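What follows is the content of target.pdb, which has PDB, C-alpha atoms, pLDDT in the B column:
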ATOM      1  CA  MET A   1     106.910  78.952 102.011  1.00 35.00           C
ATOM      2  CA  ILE A   2     104.451  79.111  99.119  1.00 40.00           C
ATOM      3  CA  ASN A   3     105.625  82.185  97.249  1.00 43.00           C
ATOM      4  CA  GLU A   4     107.471  85.362  98.140  1.00 48.00           C
ATOM      5  CA  ASN A   5     106.300  87.437  95.193  1.00 54.00           C
ATOM      6  CA  TYR A   6     102.585  88.056  95.723  1.00 54.00           C
ATOM      7  CA  THR A   7     101.894  91.632  94.682  1.00 54.00           C
ATOM      8  CA  THR A   8      98.110  91.786  94.328  1.00 59.00           C
ATOM      9  CA  ASN A   9      95.171  91.070  96.592  1.00 58.00           C
ATOM     10  CA  TYR A  10      93.985  88.449  94.155  1.00 59.00           C
ATOM     11  CA  GLU A  11      97.237  86.474  94.374  1.00 64.00           C
ATOM     12  CA  VAL A  12      97.250  86.638  98.171  1.00 64.00           C
ATOM     13  CA  ALA A  13      93.583  85.624  98.377  1.00 61.00           C
ATOM     14  CA  CYS A  14      94.159  82.667  96.039  1.00 63.00           C
ATOM     15  CA  ALA A  15      97.138  81.492  98.084  1.00 62.00           C
ATOM     16  CA  ILE A  16      95.164  81.722 101.328  1.00 62.00           C
ATOM     17  CA  LEU A  17      92.202  79.847  99.812  1.00 55.00           C
ATOM     18  CA  ASP A  18      94.546  77.197  98.411  1.00 60.00           C
ATOM     19  CA  LYS A  19      96.084  76.816 101.847  1.00 56.00           C
ATOM     20  CA  LEU A  20      92.697  76.381 103.521  1.00 49.00           C
ATOM     21  CA  GLU A  21      91.124  74.126 100.887  1.00 51.00           C
ATOM     22  CA  ASN A  22      94.112  71.790 100.545  1.00 50.00           C
ATOM     23  CA  GLY A  23      94.933  71.289 104.189  1.00 47.00           C
ATOM     24  CA  GLY A  24      97.872  73.640 104.264  1.00 44.00           C
ATOM     25  CA  GLY A  25      98.493  74.557 100.673  1.00 40.00           C
ATOM     26  CA  SER A  26     100.762  73.179  98.018  1.00 40.00           C
ATOM     27  CA  THR A  27     103.777  73.070 100.303  1.00 42.00           C
ATOM     28  CA  GLY A  28     101.952  71.181 103.039  1.00 43.00           C
ATOM     29  CA  GLY A  29     101.487  74.007 105.482  1.00 53.00           C
ATOM     30  CA  GLY A  30     104.057  76.611 104.489  1.00 69.00           C
ATOM     31  CA  VAL A  31     103.815  80.274 105.338  1.00 78.00           C
ATOM     32  CA  ILE A  32     102.665  82.802 102.730  1.00 80.00           C
ATOM     33  CA  TYR A  33     105.010  85.810 102.309  1.00 80.00           C
ATOM     34  CA  PRO A  34     103.032  88.558 100.537  1.00 82.00           C
ATOM     35  CA  LYS A  35     104.246  92.087  99.833  1.00 83.00           C
ATOM     36  CA  ILE A  36     100.827  93.590 100.529  1.00 85.00           C
ATOM     37  CA  ILE A  37      97.723  92.371 102.316  1.00 84.00           C
ATOM     38  CA  ARG A  38      94.396  94.083 101.810  1.00 87.00           C
ATOM     39  CA  PHE A  39      90.956  93.080 102.949  1.00 88.00           C
ATOM     40  CA  ASP A  40      89.597  96.634 102.554  1.00 87.00           C
ATOM     41  CA  GLU A  41      85.841  97.148 102.231  1.00 91.00           C
ATOM     42  CA  ASN A  42      85.166  93.477 103.088  1.00 89.00           C
ATOM     43  CA  THR A  43      82.056  93.855 105.228  1.00 92.00           C
ATOM     44  CA  ASP A  44      81.606  90.065 105.494  1.00 90.00           C
ATOM     45  CA  LEU A  45      84.858  89.690 107.413  1.00 90.00           C
ATOM     46  CA  THR A  46      84.192  89.276 111.156  1.00 93.00           C
ATOM     47  CA  GLU A  47      87.312  87.438 112.382  1.00 92.00           C
ATOM     48  CA  ILE A  48      90.631  86.645 110.722  1.00 91.00           C
ATOM     49  CA  ASP A  49      93.678  84.587 111.650  1.00 89.00           C
ATOM     50  CA  LEU A  50      96.919  85.875 110.065  1.00 89.00           C
ATOM     51  CA  SER A  51      99.185  83.162 111.504  1.00 86.00           C
ATOM     52  CA  SER A  52      99.872  81.709 108.023  1.00 83.00           C
ATOM     53  CA  ILE A  53     101.130  85.061 106.714  1.00 85.00           C
ATOM     54  CA  GLY A  54     104.799  85.941 107.143  1.00 84.00           C
ATOM     55  CA  SER A  55     105.656  89.605 107.682  1.00 84.00           C
ATOM     56  CA  ASP A  56     109.186  89.585 106.219  1.00 83.00           C
ATOM     57  CA  ASN A  57     108.217  90.919 102.767  1.00 86.00           C
ATOM     58  CA  ILE A  58     105.291  93.183 103.641  1.00 86.00           C
ATOM     59  CA  THR A  59     105.941  96.623 102.144  1.00 85.00           C
ATOM     60  CA  THR A  60     102.737  98.327 103.264  1.00 86.00           C
ATOM     61  CA  PHE A  61      99.847  97.910 105.649  1.00 87.00           C
ATOM     62  CA  THR A  62      97.951 100.743 103.942  1.00 90.00           C
ATOM     63  CA  ASP A  63      94.215  99.997 103.629  1.00 93.00           C
ATOM     64  CA  MET A  64      94.712  96.547 105.163  1.00 92.00           C
ATOM     65  CA  PHE A  65      91.348  96.543 106.988  1.00 95.00           C
ATOM     66  CA  ASN A  66      89.929  99.876 105.773  1.00 96.00           C
ATOM     67  CA  GLY A  67      86.137  99.644 105.721  1.00 96.00           C
ATOM     68  CA  CYS A  68      85.895  96.179 107.314  1.00 95.00           C
ATOM     69  CA  THR A  69      83.004  97.461 109.399  1.00 97.00           C
ATOM     70  CA  ASN A  70      82.052  94.093 110.916  1.00 96.00           C
ATOM     71  CA  LEU A  71      85.577  92.900 111.772  1.00 96.00           C
ATOM     72  CA  THR A  72      85.738  92.181 115.514  1.00 97.00           C
ATOM     73  CA  LYS A  73      88.891  90.130 116.037  1.00 96.00           C
ATOM     74  CA  ILE A  74      92.315  89.591 114.449  1.00 94.00           C
ATOM     75  CA  THR A  75      94.568  86.772 115.641  1.00 92.00           C
ATOM     76  CA  GLY A  76      97.921  85.313 114.657  1.00 89.00           C
ATOM     77  CA  VAL A  77      99.965  88.524 114.470  1.00 89.00           C
ATOM     78  CA  ASN A  78     102.262  87.862 117.421  1.00 84.00           C
ATOM     79  CA  HIS A  79     104.885  86.534 114.985  1.00 81.00           C
ATOM     80  CA  PHE A  80     104.957  89.808 112.993  1.00 82.00           C
ATOM     81  CA  GLN A  81     108.463  90.822 114.057  1.00 74.00           C
ATOM     82  CA  ASN A  82     110.436  91.663 110.919  1.00 72.00           C
ATOM     83  CA  LEU A  83     108.563  94.699 109.600  1.00 77.00           C
ATOM     84  CA  ASN A  84     111.585  96.659 108.326  1.00 76.00           C
ATOM     85  CA  LYS A  85     110.311  96.713 104.709  1.00 80.00           C
ATOM     86  CA  CYS A  86     106.968  98.244 105.673  1.00 81.00           C
ATOM     87  CA  THR A  87     106.674 101.900 104.649  1.00 80.00           C
ATOM     88  CA  GLY A  88     102.967 102.644 105.026  1.00 81.00           C
ATOM     89  CA  PHE A  89     100.313 102.529 107.725  1.00 85.00           C
ATOM     90  CA  THR A  90      97.673 104.814 106.203  1.00 89.00           C
ATOM     91  CA  ARG A  91      93.994 103.899 106.765  1.00 93.00           C
ATOM     92  CA  VAL A  92      94.902 100.466 108.221  1.00 94.00           C
ATOM     93  CA  PHE A  93      92.086 100.370 110.784  1.00 96.00           C
ATOM     94  CA  ARG A  94      89.899 103.089 109.228  1.00 97.00           C
ATOM     95  CA  LYS A  95      86.180 102.369 109.643  1.00 97.00           C
ATOM     96  CA  THR A  96      86.677  99.178 111.653  1.00 97.00           C
ATOM     97  CA  HIS A  97      83.821 100.175 113.944  1.00 96.00           C
ATOM     98  CA  SER A  98      83.347  96.712 115.475  1.00 97.00           C
ATOM     99  CA  LEU A  99      87.020  95.896 116.107  1.00 97.00           C
ATOM    100  CA  ILE A 100      87.664  95.097 119.762  1.00 97.00           C
ATOM    101  CA  ASP A 101      90.781  92.894 119.483  1.00 96.00           C
ATOM    102  CA  ASP A 102      93.476  93.171 116.793  1.00 94.00           C
ATOM    103  CA  GLY A 103      95.820  90.699 118.478  1.00 92.00           C
ATOM    104  CA  GLY A 104      98.333  93.490 119.095  1.00 91.00           C
ATOM    105  CA  LEU A 105      98.896  94.388 115.432  1.00 89.00           C
ATOM    106  CA  HIS A 106      98.563  98.113 116.190  1.00 88.00           C
ATOM    107  CA  SER A 107     101.332  97.869 118.783  1.00 87.00           C
ATOM    108  CA  SER A 108     103.754  95.727 116.733  1.00 82.00           C
ATOM    109  CA  PRO A 109     107.367  96.976 116.740  1.00 78.00           C
ATOM    110  CA  PHE A 110     107.377  98.825 113.426  1.00 77.00           C
ATOM    111  CA  THR A 111     110.902 100.000 112.650  1.00 75.00           C
ATOM    112  CA  LYS A 112     110.917 101.485 109.127  1.00 70.00           C
ATOM    113  CA  MET A 113     110.108 105.021 108.041  1.00 65.00           C
ATOM    114  CA  THR A 114     106.394 105.466 107.486  1.00 64.00           C
ATOM    115  CA  VAL A 115     105.524 108.123 104.932  1.00 66.00           C
ATOM    116  CA  SER A 116     102.092 108.717 106.384  1.00 75.00           C
ATOM    117  CA  VAL A 117      99.846 107.313 109.053  1.00 86.00           C
ATOM    118  CA  GLN A 118      97.003 109.604 108.085  1.00 88.00           C
ATOM    119  CA  TYR A 119      93.576 108.157 108.959  1.00 93.00           C
ATOM    120  CA  ALA A 120      95.289 105.049 110.440  1.00 93.00           C
ATOM    121  CA  PHE A 121      92.796 104.635 113.287  1.00 96.00           C
ATOM    122  CA  GLU A 122      89.931 106.815 112.061  1.00 97.00           C
ATOM    123  CA  GLU A 123      86.601 105.386 113.267  1.00 97.00           C
ATOM    124  CA  CYS A 124      88.433 102.410 114.808  1.00 98.00           C
ATOM    125  CA  GLY A 125      86.601 100.463 117.501  1.00 97.00           C
ATOM    126  CA  LEU A 126      89.664  99.378 119.509  1.00 97.00           C
ATOM    127  CA  PRO A 127      89.073 100.258 123.178  1.00 97.00           C
ATOM    128  CA  SER A 128      92.749 101.187 123.640  1.00 97.00           C
ATOM    129  CA  ILE A 129      95.470 102.142 121.158  1.00 97.00           C
ATOM    130  CA  ASP A 130      99.156 101.965 122.053  1.00 96.00           C
ATOM    131  CA  ILE A 131     101.843 102.820 119.473  1.00 93.00           C
ATOM    132  CA  SER A 132     104.599 103.386 122.048  1.00 93.00           C
ATOM    133  CA  ARG A 133     106.641 100.430 120.659  1.00 89.00           C
ATOM    134  CA  TRP A 134     106.836 101.904 117.154  1.00 87.00           C
ATOM    135  CA  ARG A 135     110.346 102.998 116.143  1.00 82.00           C
ATOM    136  CA  ILE A 136     109.665 104.846 112.923  1.00 81.00           C
ATOM    137  CA  ASN A 137     110.298 108.245 111.442  1.00 77.00           C
ATOM    138  CA  PHE A 138     106.965 109.996 111.024  1.00 80.00           C
ATOM    139  CA  ALA A 139     107.727 112.014 107.912  1.00 70.00           C
ATOM    140  CA  GLY A 140     104.256 112.497 106.503  1.00 74.00           C
ATOM    141  CA  ASP A 141     100.815 113.727 107.415  1.00 77.00           C
ATOM    142  CA  LEU A 142      99.392 112.676 110.781  1.00 81.00           C
ATOM    143  CA  GLY A 143      96.053 114.398 110.205  1.00 82.00           C
ATOM    144  CA  TYR A 144      92.962 112.471 111.270  1.00 91.00           C
ATOM    145  CA  MET A 145      95.179 109.695 112.672  1.00 93.00           C
ATOM    146  CA  PHE A 146      92.744 108.931 115.532  1.00 96.00           C
ATOM    147  CA  ASP A 147      89.703 110.878 114.275  1.00 95.00           C
ATOM    148  CA  LYS A 148      86.460 109.390 115.663  1.00 97.00           C
ATOM    149  CA  ALA A 149      88.361 106.496 117.264  1.00 97.00           C
ATOM    150  CA  ARG A 150      86.415 104.839 120.072  1.00 97.00           C
ATOM    151  CA  ALA A 151      89.484 104.328 122.276  1.00 97.00           C
ATOM    152  CA  VAL A 152      89.386 105.425 125.898  1.00 98.00           C
ATOM    153  CA  ASN A 153      93.200 105.500 126.109  1.00 97.00           C
ATOM    154  CA  ILE A 154      95.743 106.348 123.418  1.00 97.00           C
ATOM    155  CA  ASN A 155      99.476 105.999 124.042  1.00 97.00           C
ATOM    156  CA  ILE A 156     101.836 107.860 121.673  1.00 94.00           C
ATOM    157  CA  SER A 157     104.795 107.794 124.073  1.00 95.00           C
ATOM    158  CA  ASN A 158     108.392 107.498 122.832  1.00 93.00           C
ATOM    159  CA  GLN A 159     107.558 108.802 119.345  1.00 90.00           C
ATOM    160  CA  ASP A 160     109.436 111.381 117.316  1.00 87.00           C
ATOM    161  CA  PHE A 161     106.963 113.488 115.361  1.00 86.00           C
ATOM    162  CA  SER A 162     109.507 116.245 114.636  1.00 84.00           C
ATOM    163  CA  ASN A 163     109.607 115.449 110.890  1.00 80.00           C
ATOM    164  CA  ALA A 164     105.846 115.110 110.474  1.00 80.00           C
ATOM    165  CA  THR A 165     104.433 117.554 107.939  1.00 74.00           C
ATOM    166  CA  THR A 166     101.158 117.910 109.824  1.00 72.00           C
ATOM    167  CA  LEU A 167     100.164 117.118 113.388  1.00 70.00           C
ATOM    168  CA  SER A 168      97.033 119.184 113.903  1.00 73.00           C
ATOM    169  CA  HIS A 169      93.929 119.176 116.061  1.00 75.00           C
ATOM    170  CA  THR A 170      92.361 116.722 113.597  1.00 85.00           C
ATOM    171  CA  ALA A 171      94.616 113.930 114.896  1.00 88.00           C
ATOM    172  CA  PHE A 172      92.307 113.456 117.914  1.00 91.00           C
ATOM    173  CA  ARG A 173      89.145 115.051 116.527  1.00 92.00           C
ATOM    174  CA  ASN A 174      85.755 113.654 117.576  1.00 95.00           C
ATOM    175  CA  CYS A 175      87.175 111.036 119.974  1.00 96.00           C
ATOM    176  CA  ALA A 176      84.068 110.976 122.168  1.00 96.00           C
ATOM    177  CA  ASN A 177      85.324 108.240 124.538  1.00 97.00           C
ATOM    178  CA  LEU A 178      88.887 109.507 124.907  1.00 97.00           C
ATOM    179  CA  GLU A 179      89.923 110.036 128.521  1.00 97.00           C
ATOM    180  CA  GLU A 180      93.723 109.924 128.347  1.00 96.00           C
ATOM    181  CA  VAL A 181      96.522 110.490 125.839  1.00 94.00           C
ATOM    182  CA  LYS A 182      99.941 109.379 127.059  1.00 96.00           C
ATOM    183  CA  CYS A 183     102.866 111.155 125.411  1.00 93.00           C
ATOM    184  CA  GLU A 184     105.881 110.541 127.636  1.00 95.00           C
ATOM    185  CA  ASN A 185     109.199 111.192 125.843  1.00 94.00           C
ATOM    186  CA  THR A 186     107.331 112.239 122.696  1.00 91.00           C
ATOM    187  CA  ILE A 187     108.918 114.851 120.426  1.00 88.00           C
ATOM    188  CA  PHE A 188     106.464 117.098 118.629  1.00 82.00           C
ATOM    189  CA  PRO A 189     107.029 119.288 115.548  1.00 75.00           C
ATOM    190  CA  ALA A 190     108.269 122.827 116.142  1.00 66.00           C
ATOM    191  CA  VAL A 191     105.284 124.236 114.234  1.00 57.00           C
ATOM    192  CA  ASN A 192     101.673 123.183 113.609  1.00 47.00           C
TER     193      ASN A 192
END

Please express what this file holds, its structure, as structure tokens.
Amino acid sequence: MINENYTTNYEVACAILDKLENGGGSTGGGVIYPKIIRFDENTDLTEIDLSSIGSDNITTFTDMFNGCTNLTKITGVNHFQNLNKCTGFTRVFRKTHSLIDDGGLHSSPFTKMTVSVQYAFEECGLPSIDISRWRINFAGDLGYMFDKARAVNINISNQDFSNATTLSHTAFRNCANLEEVKCENTIFPAVN
């Protein structure tokens, strides 16, 4: 473990660069435990391996890849198991037009309340989106969640949207490729 108290993008970026440039970082290959990870608006990013990042301290995924328009592949997220400190998933994959493989990050077993997932997959290139493993309390705005997503299939099964403040027609707006939305055992709000 290199440090458990990274709080800014700059600190996380420096730790990752140190790890790469020094053959595993100052601890000889330890895992980095940041609180936030953001690569937003990085149009040079095409592929990324997150296997050296531990998920135990991550408090938000908000804006993680927002605007990474050339990102095609994410690997090394299969170890992201302990996500109970994460409270945000807003704009995570927004404007990731080229993304075809996120290594299963979108379907990780999130278990903590998420305030908002607004714009989470807006303009996302993933061919299929499945959040049926999420076990969170949707207490915020779900507007534009999948707006302009390129997915053919979206699975929102097993979710409880009853506490969401907004779940409107904008959630699936302009999904030109969408053929199927699975919503088995899904609880929707009483209004809106």

Could you tell me, as a compact mmCIF listing (two decimals) with C-alpha atoms, in the coordinates of the input, which residues have any atom at most 9 Å from (109.3, 100.3, 99.3), counting only C-alpha atoms?
# COMPACT_ATOMS: atom_id res chain seq x y z
CA THR A 59 105.94 96.62 102.14
CA THR A 60 102.74 98.33 103.26
CA LYS A 85 110.31 96.71 104.71
CA CYS A 86 106.97 98.24 105.67
CA THR A 87 106.67 101.90 104.65
CA GLY A 88 102.97 102.64 105.03

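Here atom CA of A:Asn155 and atom CA of A:Ile53 stand 27.2 Å from one another.
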
Go through A:Asp102, A:His97, A:Ala151, A:Leu83 one by one, measure the shortest atom-to-atom distance of each to A:Ile136 using only C-alpha atoms, and give the residue with the smallest value.
A:Leu83

Answer key for the PyMOL selection byres ((chain A and resi 106) around 12), residues as JSON, numbers by chain
{"A": [61, 64, 65, 74, 77, 78, 80, 89, 91, 92, 93, 99, 100, 101, 102, 103, 104, 105, 107, 108, 109, 110, 117, 120, 121, 124, 126, 127, 128, 129, 130, 131, 132, 133, 134, 154, 155, 156]}

What residues come out when you apply the PyMOL selection byres ((chain A and resi 158) around 6) to this file, written as a CSV table (one decimal) with C-alpha atoms, in the frame of the given file?
chain,number,residue,atom,x,y,z
A,132,SER,CA,104.6,103.4,122.0
A,157,SER,CA,104.8,107.8,124.1
A,159,GLN,CA,107.6,108.8,119.3
A,185,ASN,CA,109.2,111.2,125.8
A,186,THR,CA,107.3,112.2,122.7

Taking into account all atoms listed in the file, which residue in the set A:Leu71, A:Ile37, A:Leu50, A:Ile187 is nearest to A:Ser162?
A:Ile187

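In terms of minimum interatomic distance to A:Val31, A:Ser52 ranks closest within A:Glu184, A:Ser52, A:His79, A:Asn163, counting only C-alpha atoms.
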
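The shortest atom-to-atom distance to A:Asn174, with all atoms listed in the file taken into account, belongs to A:Glu122 out of A:Asp40, A:Asp141, A:Glu122, A:Asp160.
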
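Interatomic distance, atom CA of A:Asn153 against atom CA of A:Glu47: 23.4 Å.
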
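Using all atoms listed in the file, the shortest contact distance between A:Phe39 and any of A:Asn177, A:Thr165, A:Thr62, A:Thr75 is found at A:Thr62.
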